[in-house]
file structure09.csv (CSV, C-alpha atoms)
chain,number,residue,atom,x,y,z
A,118,MET,CA,-17.6,350.0,181.1
A,119,MET,CA,-20.3,350.1,178.5
A,120,ILE,CA,-19.3,352.2,175.4
A,121,ASN,CA,-22.4,351.8,173.4
A,122,CYS,CA,-25.7,349.8,173.2
A,123,ALA,CA,-27.9,350.5,170.2
A,124,VAL,CA,-30.7,348.7,168.3
A,125,TYR,CA,-30.5,348.4,164.5
A,126,ALA,CA,-33.3,347.5,162.1
A,127,ASP,CA,-33.3,347.6,158.3
A,128,GLY,CA,-29.7,348.7,158.3
A,129,LYS,CA,-30.4,351.8,160.4
A,130,ARG,CA,-29.8,352.8,164.0
A,131,GLN,CA,-33.1,352.9,165.7
A,132,ALA,CA,-32.3,353.9,169.3
A,133,ASP,CA,-29.7,353.8,172.1
A,134,ILE,CA,-30.8,351.7,175.0
A,135,ALA,CA,-29.7,350.8,178.5
A,136,ILE,CA,-28.5,347.3,179.4
A,137,ASP,CA,-31.6,346.6,181.5
A,138,GLU,CA,-33.8,347.3,178.4
A,139,LEU,CA,-32.2,344.6,176.3
A,140,PRO,CA,-34.6,341.7,177.2
A,141,HIS,CA,-37.6,343.7,176.3
A,142,VAL,CA,-36.1,345.1,173.1
A,143,LEU,CA,-34.8,341.8,171.9
A,144,ALA,CA,-38.2,340.2,172.5
A,145,ASN,CA,-40.2,342.8,170.7
A,146,SER,CA,-37.9,344.2,168.0
A,147,GLU,CA,-37.3,342.9,164.6
A,148,GLY,CA,-33.7,344.1,164.5
A,149,PHE,CA,-30.7,343.4,166.5
A,150,ALA,CA,-28.7,345.0,169.3
A,151,TRP,CA,-25.0,345.9,169.1
A,152,ILE,CA,-23.4,346.2,172.6
A,153,ALA,CA,-19.8,347.4,173.1
A,154,LEU,CA,-17.9,347.1,176.3
A,155,LYS,CA,-14.4,348.4,177.3
A,156,ASP,CA,-12.4,346.7,180.1
A,157,PRO,CA,-15.6,345.5,181.9
A,158,VAL,CA,-15.6,344.3,185.5
A,159,PRO,CA,-16.7,340.6,186.0
A,160,THR,CA,-20.1,341.7,187.3
A,161,GLU,CA,-20.9,343.4,184.0
A,162,ILE,CA,-20.0,340.3,182.0
A,163,LEU,CA,-22.0,338.0,184.3
A,164,MET,CA,-25.0,340.3,184.0
A,165,LEU,CA,-24.9,340.2,180.2
A,166,GLN,CA,-24.4,336.4,180.4
A,167,GLU,CA,-27.8,336.2,182.2
A,168,ILE,CA,-29.5,338.6,179.9
A,169,LEU,CA,-28.2,337.2,176.6
A,170,ASP,CA,-27.8,333.6,177.7
A,171,LEU,CA,-24.1,333.5,176.8
A,172,PRO,CA,-22.3,330.1,176.8
A,173,GLU,CA,-20.6,329.5,180.1
A,174,LEU,CA,-17.3,328.3,178.7
A,175,ALA,CA,-17.1,331.4,176.4
A,176,VAL,CA,-17.8,333.7,179.4
A,177,GLU,CA,-15.1,331.9,181.4
A,178,ASP,CA,-12.6,332.5,178.6
A,179,THR,CA,-13.6,336.2,178.5
A,180,LEU,CA,-13.2,336.6,182.3
A,181,HIS,CA,-9.8,334.9,182.4
A,182,GLY,CA,-8.4,336.6,179.3
A,183,GLY,CA,-5.2,335.8,177.5
A,184,GLN,CA,-6.9,333.6,174.9
A,185,ARG,CA,-5.4,332.9,171.5
A,186,SER,CA,-7.3,333.9,168.4
A,187,LYS,CA,-10.0,331.4,167.7
A,188,VAL,CA,-13.6,330.9,166.5
A,189,GLU,CA,-16.0,328.6,168.4
A,190,GLU,CA,-19.5,327.6,167.6
A,191,TYR,CA,-22.1,327.1,170.2
A,192,ASP,CA,-25.9,326.6,169.9
A,193,ARG,CA,-26.7,329.1,167.1
A,194,MET,CA,-24.0,331.4,168.4
A,195,LEU,CA,-20.4,332.2,167.4
A,196,PHE,CA,-17.8,333.2,169.9
A,197,VAL,CA,-14.7,334.9,168.4
A,198,THR,CA,-11.6,335.9,170.2
A,199,MET,CA,-8.9,338.0,168.6
A,200,LYS,CA,-5.7,339.6,169.6
A,201,VAL,CA,-5.5,343.3,168.9
A,202,ALA,CA,-2.1,344.7,168.1
A,203,GLU,CA,-1.2,348.3,168.6
A,204,GLN,CA,2.1,350.1,168.3
A,205,TYR,CA,2.9,353.1,170.6
A,206,ASP,CA,5.8,354.3,172.8
A,207,GLY,CA,8.1,352.4,170.5
A,208,GLU,CA,6.7,349.0,171.4
A,209,ILE,CA,4.0,346.6,170.2
A,210,HIS,CA,1.2,346.1,172.7
A,211,TYR,CA,-1.5,343.5,172.7
A,212,GLY,CA,-5.1,343.6,173.8
A,213,ASP,CA,-8.1,341.2,173.5
A,214,LEU,CA,-11.3,341.5,171.6
A,215,TYR,CA,-14.2,339.0,172.4
A,216,ILE,CA,-17.2,338.9,170.2
A,217,PHE,CA,-20.5,337.0,170.8
A,218,VAL,CA,-22.7,336.8,167.7
A,219,ASN,CA,-26.1,335.4,167.0
A,220,SER,CA,-29.0,336.5,164.9
A,221,ARG,CA,-30.3,339.0,167.5
A,222,PHE,CA,-27.2,340.7,168.9
A,223,VAL,CA,-23.5,341.4,168.7
A,224,LEU,CA,-21.6,341.8,171.9
A,225,SER,CA,-18.0,343.1,171.6
A,226,ILE,CA,-15.7,343.3,174.6
A,227,ARG,CA,-12.3,344.8,174.4
A,228,ASN,CA,-9.6,344.5,177.1
A,229,ASN,CA,-6.4,346.5,177.2
A,230,VAL,CA,-7.1,348.1,173.8
A,231,ARG,CA,-6.2,351.8,173.7
A,232,ARG,CA,-7.9,352.6,170.3
A,233,GLY,CA,-11.6,351.9,170.2
A,234,PHE,CA,-13.8,350.7,167.3
A,235,SER,CA,-16.1,353.8,167.0
A,236,ASP,CA,-14.8,354.1,163.4
A,237,VAL,CA,-16.1,350.5,162.7
A,238,ARG,CA,-19.6,351.4,164.0
A,239,ALA,CA,-19.6,354.6,161.9
A,240,ARG,CA,-18.6,352.6,158.8
A,241,ALA,CA,-21.3,350.0,159.4
A,242,GLU,CA,-23.9,352.7,159.9
A,243,ARG,CA,-22.9,354.3,156.6
A,244,GLU,CA,-23.2,351.0,154.7
A,245,VAL,CA,-26.9,350.5,155.2
A,246,GLU,CA,-27.4,347.8,152.6
A,247,LEU,CA,-24.7,345.6,154.2
A,248,LEU,CA,-25.8,346.4,157.7
A,249,GLN,CA,-29.2,344.9,156.7
A,250,GLN,CA,-27.4,341.5,156.6
A,251,GLY,CA,-27.5,341.7,160.4
A,252,PRO,CA,-24.9,340.9,163.1
A,253,ILE,CA,-22.8,338.9,160.8
A,254,PHE,CA,-21.8,342.1,159.0
A,255,VAL,CA,-20.8,343.6,162.3
A,256,LEU,CA,-18.6,340.6,162.9
A,257,TYR,CA,-17.0,341.1,159.5
A,258,ALA,CA,-16.4,344.8,160.1
A,259,LEU,CA,-14.8,344.2,163.5
A,260,THR,CA,-12.7,341.3,162.2
A,261,ASP,CA,-11.6,343.4,159.2
A,262,ALA,CA,-10.6,346.3,161.5
A,263,VAL,CA,-8.5,344.1,163.8
A,264,VAL,CA,-6.7,342.4,160.9
A,265,ASP,CA,-6.0,345.8,159.2
A,266,ARG,CA,-4.3,347.0,162.4
A,267,PHE,CA,-1.6,344.4,161.9
A,268,ILE,CA,-0.6,345.7,158.5
A,269,PRO,CA,1.2,348.9,159.5
A,270,ILE,CA,3.0,347.0,162.3
A,271,VAL,CA,4.2,344.4,159.8
A,272,ASP,CA,5.2,347.1,157.3
A,273,ASP,CA,7.2,348.8,160.1
A,274,LEU,CA,9.1,345.5,160.9
A,275,GLU,CA,9.9,345.1,157.2
A,276,GLU,CA,11.3,348.7,157.1
A,277,GLN,CA,13.4,348.0,160.3
A,278,LEU,CA,14.7,344.8,158.7
A,279,GLU,CA,15.8,346.7,155.5
A,280,SER,CA,17.5,349.3,157.7
A,281,VAL,CA,19.4,346.6,159.7
A,282,GLU,CA,20.4,344.8,156.5
A,283,THR,CA,21.9,348.0,155.2
A,284,GLU,CA,23.7,348.8,158.4
A,285,ILE,CA,25.2,345.3,158.6
A,286,PHE,CA,27.3,345.9,155.5
A,287,ARG,CA,28.0,349.6,156.1
A,288,GLU,CA,29.1,349.4,159.7
A,289,GLN,CA,31.1,347.1,161.8
A,290,PRO,CA,28.9,344.3,163.2
A,291,THR,CA,28.3,344.7,166.9
A,292,ARG,CA,26.6,343.0,169.8
A,293,GLU,CA,23.9,345.7,169.9
A,294,MET,CA,22.9,344.9,166.3
A,295,MET,CA,22.5,341.2,167.4
A,296,LEU,CA,20.3,342.3,170.3
A,297,ARG,CA,18.2,344.5,168.0
A,298,LEU,CA,17.7,341.6,165.6
A,299,HIS,CA,16.8,339.3,168.5
A,300,SER,CA,14.2,341.8,169.7
A,301,MET,CA,12.7,342.0,166.2
A,302,LYS,CA,12.5,338.2,166.1
A,303,GLN,CA,10.6,338.2,169.4
A,304,ASP,CA,8.2,340.8,167.9
A,305,VAL,CA,7.6,338.7,164.8
A,306,THR,CA,7.0,335.5,166.9
A,307,GLU,CA,4.5,337.3,169.1
A,308,LEU,CA,2.7,338.8,166.1
A,309,ARG,CA,2.6,335.4,164.4
A,310,HIS,CA,0.9,334.0,167.5
A,311,ALA,CA,-1.5,336.9,167.7
A,312,VAL,CA,-2.6,336.8,164.0
A,313,PRO,CA,-5.9,334.9,163.7
A,314,ALA,CA,-5.4,331.4,162.4
A,315,VAL,CA,-6.1,331.3,158.6
A,316,ARG,CA,-6.9,327.6,158.7
A,317,ASP,CA,-9.6,327.9,161.3
A,318,GLU,CA,-12.5,325.7,160.0
A,319,LEU,CA,-15.3,327.9,161.3
A,320,PHE,CA,-13.6,331.0,159.8
A,321,LEU,CA,-13.4,329.2,156.5
A,322,ARG,CA,-17.1,328.4,156.9
A,323,LEU,CA,-17.8,332.1,157.1
A,324,CYS,CA,-15.9,332.5,153.8
A,325,THR,CA,-17.7,329.7,151.9
A,326,SER,CA,-21.0,328.9,153.5
A,327,ARG,CA,-24.4,330.6,153.8
A,328,ASP,CA,-25.3,328.5,156.8
A,329,THR,CA,-23.8,330.2,159.8
A,330,PRO,CA,-25.0,330.6,163.4
A,331,ALA,CA,-25.6,334.3,162.7
A,332,ASN,CA,-27.5,333.8,159.4
A,333,GLY,CA,-24.8,335.6,157.4
A,334,GLY,CA,-25.6,334.7,153.8
A,335,GLY,CA,-24.2,336.9,151.1
A,336,LEU,CA,-21.0,338.1,152.9
A,337,GLN,CA,-18.7,335.2,151.8
A,338,ASP,CA,-16.7,337.5,149.5
A,339,TYR,CA,-16.1,340.0,152.4
A,340,PHE,CA,-14.8,337.2,154.7
A,341,ARG,CA,-12.7,335.8,151.9
A,342,ASP,CA,-11.1,339.3,151.6
A,343,VAL,CA,-10.3,339.3,155.3
A,344,HIS,CA,-8.9,335.7,154.8
A,345,ASP,CA,-6.7,337.0,152.0
A,346,HIS,CA,-5.4,339.8,154.2
A,347,LEU,CA,-4.6,337.3,156.9
A,348,GLN,CA,-2.7,335.1,154.5
A,349,ARG,CA,-0.7,338.1,153.2
A,350,ILE,CA,0.1,339.2,156.7
A,351,THR,CA,1.2,335.6,157.6
A,352,LEU,CA,3.4,335.4,154.5
A,353,SER,CA,4.9,338.8,155.3
A,354,LEU,CA,5.7,337.8,158.8
A,355,ASP,CA,7.3,334.5,157.6
A,356,GLY,CA,9.3,336.5,155.2
A,357,VAL,CA,10.4,339.0,157.9
A,358,ARG,CA,11.3,336.1,160.2
A,359,ASP,CA,13.4,334.4,157.5
A,360,GLY,CA,15.1,337.7,156.8
A,361,ILE,CA,15.9,338.3,160.4
A,362,LEU,CA,17.4,334.8,160.7
A,363,MET,CA,19.5,335.4,157.6
A,364,ALA,CA,20.6,338.8,158.9
A,365,MET,CA,21.6,337.2,162.2
A,366,GLN,CA,23.6,334.6,160.4
A,367,VAL,CA,25.3,337.2,158.2
A,368,ASN,CA,26.0,339.3,161.2
A,369,MET,CA,27.6,336.4,163.0
A,370,SER,CA,29.6,335.5,159.9
A,371,LEU,CA,30.9,339.1,159.6
A,372,ILE,CA,31.8,339.0,163.3
A,373,GLY,CA,33.7,335.8,162.6
A,374,LEU,CA,35.5,337.3,159.6
A,375,GLU,CA,36.4,340.3,161.7
A,376,GLN,CA,37.8,338.0,164.4
A,377,SER,CA,39.6,336.0,161.8
A,378,GLU,CA,41.3,339.2,160.4
A,379,VAL,CA,42.4,340.1,163.9
A,380,SER,CA,43.8,336.6,164.4
A,381,LYS,CA,45.7,336.8,161.1
A,382,LYS,CA,47.3,340.1,162.1
A,383,LEU,CA,48.3,338.8,165.5
A,384,ALA,CA,49.7,335.6,164.0
A,385,ALA,CA,51.7,337.6,161.4
A,386,TRP,CA,53.3,339.9,164.0
A,387,ALA,CA,53.9,336.9,166.3
A,388,ALA,CA,55.8,335.1,163.4
A,389,ILE,CA,57.9,338.2,162.8
A,390,PHE,CA,58.9,338.6,166.4
A,391,ALA,CA,59.3,334.9,166.8
A,392,MET,CA,62.1,334.8,164.2
A,393,MET,CA,63.9,337.8,165.9
A,394,THR,CA,63.5,336.1,169.2
A,395,THR,CA,64.9,332.9,167.8
A,396,LEU,CA,68.1,334.6,166.6
A,397,ALA,CA,68.5,336.6,169.8
A,398,GLY,CA,68.1,333.3,171.7
A,399,ILE,CA,70.7,331.5,169.7
A,400,TRP,CA,73.3,334.3,170.2
A,401,GLY,CA,72.3,334.6,173.8
A,402,MET,CA,73.4,331.1,174.8
A,403,ASN,CA,77.0,332.2,175.4
A,404,PHE,CA,78.8,329.0,174.4
A,405,GLU,CA,82.5,329.3,174.5
A,406,PHE,CA,83.1,328.6,170.8
A,407,MET,CA,80.8,331.1,169.0
A,408,PRO,CA,83.2,333.0,166.8
A,409,GLU,CA,80.7,335.7,165.7
A,410,LEU,CA,80.3,336.8,169.3
A,411,LYS,CA,83.9,338.1,169.3
A,412,TRP,CA,83.6,339.5,165.8
A,413,LYS,CA,83.8,343.3,165.7
A,414,MET,CA,80.9,343.6,163.2
A,415,GLY,CA,78.8,340.9,164.8
A,416,TYR,CA,76.4,343.1,166.6
A,417,PRO,CA,75.4,345.4,163.7
A,418,VAL,CA,75.3,342.4,161.4
A,419,ALA,CA,72.9,340.6,163.8
A,420,LEU,CA,70.7,343.7,164.0
A,421,LEU,CA,70.7,344.0,160.2
A,422,LEU,CA,69.9,340.3,159.7
A,423,MET,CA,66.9,340.4,162.1
A,424,ALA,CA,65.7,343.6,160.5
A,425,ALA,CA,66.0,342.1,157.0
A,426,ILE,CA,64.2,338.9,158.0
A,427,GLY,CA,61.5,341.0,159.7
A,428,LEU,CA,61.0,343.2,156.6
A,429,ILE,CA,60.8,340.1,154.3
A,430,LEU,CA,58.2,338.5,156.5
A,431,TYR,CA,56.3,341.8,156.8
A,432,ARG,CA,56.2,342.2,153.0
A,433,ARG,CA,55.1,338.6,152.6
A,434,PHE,CA,52.3,338.9,155.1
A,435,ARG,CA,51.3,342.2,153.6
A,436,LYS,CA,51.1,340.7,150.1
A,437,VAL,CA,48.8,337.9,151.2
A,438,GLY,CA,46.6,340.3,153.1
A,439,TRP,CA,47.4,339.4,156.7
A,440,LEU,CA,48.8,342.8,157.5
call {"tool": "encode", "arguments": {"input": "structure09.csv", "output": "structure tokens"}}
result
Amino acid sequence: MMINCAVYADGKRQADIAIDELPHVLANSEGFAWIALKDPVPTEILMLQEILDLPELAVEDTLHGGQRSKVEEYDRMLFVTMKVAEQYDGEIHYGDLYIFVNSRFVLSIRNNVRRGFSDVRARAEREVELLQQGPIFVLYALTDAVVDRFIPIVDDLEEQLESVETEIFREQPTREMMLRLHSMKQDVTELRHAVPAVRDELFLRLCTSRDTPANGGGLQDYFRDVHDHLQRITLSLDGVRDGILMAMQVNMSLIGLEQSEVSKKLAAWAAIFAMMTTLAGIWGMNFEFMPELKWKMGYPVALLLMAAIGLILYRRFRKVGWL
């Protein structure tokens, strides 16, 4: 479905046009076109491929979906794919954003993305001087918006980790806590794969070079800013992942200590009753020559002896912390 198709010149919006007007407008206009699609059907993409002469391999990636974040350069055209992360209903959801950029147009296609990019278009239209740079500024604005959407999700994961770390030492470690940590670890791994690669050579070219397929001189500082955000996000995710692994190890250690404490208590009580059982077993053998069996005070003395030994062992185990 087409969301917007507009022509821009000298940093200002000139007109909204229909898709079938694109060839005429691009051939006779000095500006560029910005086309935005949402969850398009294959026929819409193939129609735009014919009109805009889009690279076949890039169109194939768009149709199939599920691509990892990357930047590819074709003949005077850039093809950018990015994962868009959104958090709602208590879960992290991922969509795809595909961007085709050359000196005459920007085509953005979003799939399975709930929140649109109308705010990006509004921002671009307010910054007339930067929009005069052409399609490359639109690419920067879209990239910056996608990257910024990762930040609150990463912040939320950091807060969850701090909460779990507090709970680990305040409450008894449980299996549910381990499952929660494992779920967070999966979220971090998926986010780490979704974040655009900070070492992508073409992305670094946008940060450092004036010679790009979209003629984007003068925006290097802006792309470097996006690159810095990506690095901070990546470092934060690595920190959260390390913190989760440490929390899992601590949780397992605390569970092991808890089990060790239980084992100590069981062993202590077993030792106490083992001594009583030993004495009772000796006197229960009923040999013919066991004088104490016929002794009038034998029974109460035996009970007192077992009680005394049990008390001594109990106090000893209590002293060393086993009971």
call {"tool": "closest_residue", "arguments": {"input": "structure09.csv", "among": "A:Phe434, A:Phe149, A:Tyr205, A:Trp386", "to": "Arg231 in chain A", "atoms": "all atoms listed in the file"}}
result
A:Tyr205
call {"tool": "closest_residue", "arguments": {"input": "structure09.csv", "among": "A:Ile120, A:Met393, A:Leu347, A:Val142", "to": "Phe234 in chain A", "atoms": "all atoms listed in the file"}}
result
A:Ile120
call {"tool": "residues_around", "arguments": {"input": "structure09.csv", "residues": "Ile152 in chain A", "least_positions_apart": "2", "cutoff": "8 Å", "atoms": "all atoms listed in the file", "output": "JSON, numbers by chain"}}
result
{"A": [119, 120, 121, 122, 123, 150, 154, 222, 223, 224, 225]}
call {"tool": "closest_residue", "arguments": {"input": "structure09.csv", "among": "A:Glu177, A:Glu208, A:Glu275, A:Asp261", "to": "Gly360 in chain A", "atoms": "all atoms listed in the file"}}
result
A:Glu275
call {"tool": "closest_residue", "arguments": {"input": "structure09.csv", "among": "A:Phe254, A:Thr260, A:Leu362, A:Ser370", "to": "Met301 in chain A", "atoms": "all atoms listed in the file"}}
result
A:Leu362
call {"tool": "residues_around", "arguments": {"input": "structure09.csv", "residues": "Leu420 in chain A", "least_positions_apart": "3", "cutoff": "12 Å", "atoms": "all atoms listed in the file", "output": "PDB file with C-alpha atoms, in the coordinates of the input"}}
result
ATOM      1  CA  MET A 393      63.900 337.800 165.900  1.00  0.00           C
ATOM      2  CA  THR A 394      63.500 336.100 169.200  1.00  0.00           C
ATOM      3  CA  LEU A 396      68.100 334.600 166.600  1.00  0.00           C
ATOM      4  CA  ALA A 397      68.500 336.600 169.800  1.00  0.00           C
ATOM      5  CA  TRP A 400      73.300 334.300 170.200  1.00  0.00           C
ATOM      6  CA  MET A 414      80.900 343.600 163.200  1.00  0.00           C
ATOM      7  CA  GLY A 415      78.800 340.900 164.800  1.00  0.00           C
ATOM      8  CA  TYR A 416      76.400 343.100 166.600  1.00  0.00           C
ATOM      9  CA  PRO A 417      75.400 345.400 163.700  1.00  0.00           C
ATOM     10  CA  MET A 423      66.900 340.400 162.100  1.00  0.00           C
ATOM     11  CA  ALA A 424      65.700 343.600 160.500  1.00  0.00           C
ATOM     12  CA  ALA A 425      66.000 342.100 157.000  1.00  0.00           C
ATOM     13  CA  ILE A 426      64.200 338.900 158.000  1.00  0.00           C
ATOM     14  CA  GLY A 427      61.500 341.000 159.700  1.00  0.00           C
TER      15      GLY A 427
END
call {"tool": "atom_distance", "arguments": {"input": "structure09.csv", "atom1": "CA of Ala126 in chain A", "atom2": "CA of Pro157 in chain A"}}
result
26.6 Å
call {"tool": "atom_distance", "arguments": {"input": "structure09.csv", "atom1": "CA of Met363 in chain A", "atom2": "CA of Glu279 in chain A"}}
result
12.1 Å
call {"tool": "atom_distance", "arguments": {"input": "structure09.csv", "atom1": "CA of Asp265 in chain A", "atom2": "CA of Lys129 in chain A"}}
result
25.2 Å
call {"tool": "closest_residue", "arguments": {"input": "structure09.csv", "among": "A:Gln303, A:Thr198, A:Asn219, A:Asn368", "to": "Ile253 in chain A", "atoms": "all atoms listed in the file"}}
result
A:Asn219
call {"tool": "closest_residue", "arguments": {"input": "structure09.csv", "among": "A:Ala202, A:Leu248, A:Ile226, A:Leu298", "to": "Arg266 in chain A", "atoms": "only C-alpha atoms"}}
result
A:Ala202
call {"tool": "residues_near_point", "arguments": {"input": "structure09.csv", "point": "(-4.8, 336.7, 153.2)", "cutoff": "12 Å", "atoms": "only C-alpha atoms", "output": "ChimeraX atom specification"}}
result
/A:261,264-265,268,312-316,321,324,339-354
call {"tool": "residues_around", "arguments": {"input": "structure09.csv", "residues": "Leu383 in chain A", "least_positions_apart": "5", "cutoff": "9 Å", "atoms": "all atoms listed in the file", "output": "list in words"}}
result
Glu378, Ala388, Trp439 and Leu440 of chain A
call {"tool": "residues_around", "arguments": {"input": "structure09.csv", "residues": "Asp236 in chain A", "least_positions_apart": "6", "cutoff": "12 Å", "atoms": "only C-alpha atoms", "output": "PyMOL selection string"}}
result
chain A and resi 242-243+258-259+261-263
call {"tool": "residues_around", "arguments": {"input": "structure09.csv", "residues": "Glu284 in chain A", "least_positions_apart": "3", "cutoff": "12 Å", "atoms": "all atoms listed in the file", "output": "number ranges by chain"}}
result
A: 277-281, 287-291, 293-295, 297-298, 364, 367-368
call {"tool": "build_atoms", "arguments": {"input": "structure09.csv", "residues": "range 292-310 of chain A", "atoms": "N, CA, C and O atoms", "output": "CSV table (one decimal), in the frame of the given file"}}
result
chain,number,residue,atom,x,y,z
A,292,ARG,N,27.5,343.7,168.9
A,292,ARG,CA,26.6,343.0,169.8
A,292,ARG,C,25.2,343.7,169.9
A,292,ARG,O,24.2,343.0,169.9
A,293,GLU,N,25.2,345.0,169.8
A,293,GLU,CA,23.9,345.7,169.9
A,293,GLU,C,23.1,345.4,168.7
A,293,GLU,O,21.8,345.3,168.8
A,294,MET,N,23.7,345.2,167.5
A,294,MET,CA,22.9,344.9,166.3
A,294,MET,C,22.3,343.5,166.5
A,294,MET,O,21.2,343.2,166.1
A,295,MET,N,23.0,342.6,167.1
A,295,MET,CA,22.5,341.2,167.4
A,295,MET,C,21.3,341.3,168.3
A,295,MET,O,20.3,340.6,168.2
A,296,LEU,N,21.4,342.1,169.4
A,296,LEU,CA,20.3,342.3,170.3
A,296,LEU,C,19.1,342.9,169.6
A,296,LEU,O,17.9,342.5,169.9
A,297,ARG,N,19.3,343.9,168.7
A,297,ARG,CA,18.2,344.5,168.0
A,297,ARG,C,17.5,343.4,167.1
A,297,ARG,O,16.3,343.4,167.0
A,298,LEU,N,18.3,342.6,166.4
A,298,LEU,CA,17.7,341.6,165.6
A,298,LEU,C,16.9,340.6,166.4
A,298,LEU,O,15.8,340.1,166.0
A,299,HIS,N,17.5,340.2,167.6
A,299,HIS,CA,16.8,339.3,168.5
A,299,HIS,C,15.5,339.9,169.0
A,299,HIS,O,14.4,339.2,169.1
A,300,SER,N,15.4,341.2,169.3
A,300,SER,CA,14.2,341.8,169.7
A,300,SER,C,13.2,341.8,168.6
A,300,SER,O,12.0,341.6,168.8
A,301,MET,N,13.6,342.1,167.3
A,301,MET,CA,12.7,342.0,166.2
A,301,MET,C,12.1,340.6,166.0
A,301,MET,O,11.0,340.4,165.7
A,302,LYS,N,13.0,339.6,166.2
A,302,LYS,CA,12.5,338.2,166.1
A,302,LYS,C,11.5,337.9,167.1
A,302,LYS,O,10.5,337.2,166.8
A,303,GLN,N,11.6,338.4,168.3
A,303,GLN,CA,10.6,338.2,169.4
A,303,GLN,C,9.3,338.9,169.0
A,303,GLN,O,8.2,338.3,169.2
A,304,ASP,N,9.4,340.1,168.4
A,304,ASP,CA,8.2,340.8,167.9
A,304,ASP,C,7.5,340.0,166.9
A,304,ASP,O,6.2,339.9,166.9
A,305,VAL,N,8.2,339.4,165.9
A,305,VAL,CA,7.6,338.7,164.8
A,305,VAL,C,6.9,337.4,165.4
A,305,VAL,O,5.8,337.0,165.0
A,306,THR,N,7.6,336.7,166.3
A,306,THR,CA,7.0,335.5,166.9
A,306,THR,C,5.7,335.8,167.7
A,306,THR,O,4.7,335.1,167.5
A,307,GLU,N,5.7,336.9,168.4
A,307,GLU,CA,4.5,337.3,169.1
A,307,GLU,C,3.4,337.7,168.2
A,307,GLU,O,2.2,337.3,168.4
A,308,LEU,N,3.7,338.4,167.1
A,308,LEU,CA,2.7,338.8,166.1
A,308,LEU,C,2.2,337.6,165.4
A,308,LEU,O,1.0,337.5,165.1
A,309,ARG,N,3.1,336.6,165.1
A,309,ARG,CA,2.6,335.4,164.4
A,309,ARG,C,1.6,334.6,165.3
A,309,ARG,O,0.7,334.0,164.7
A,310,HIS,N,1.8,334.6,166.6
A,310,HIS,CA,0.9,334.0,167.5
A,310,HIS,C,-0.4,334.7,167.6
A,310,HIS,O,-1.5,334.2,167.9
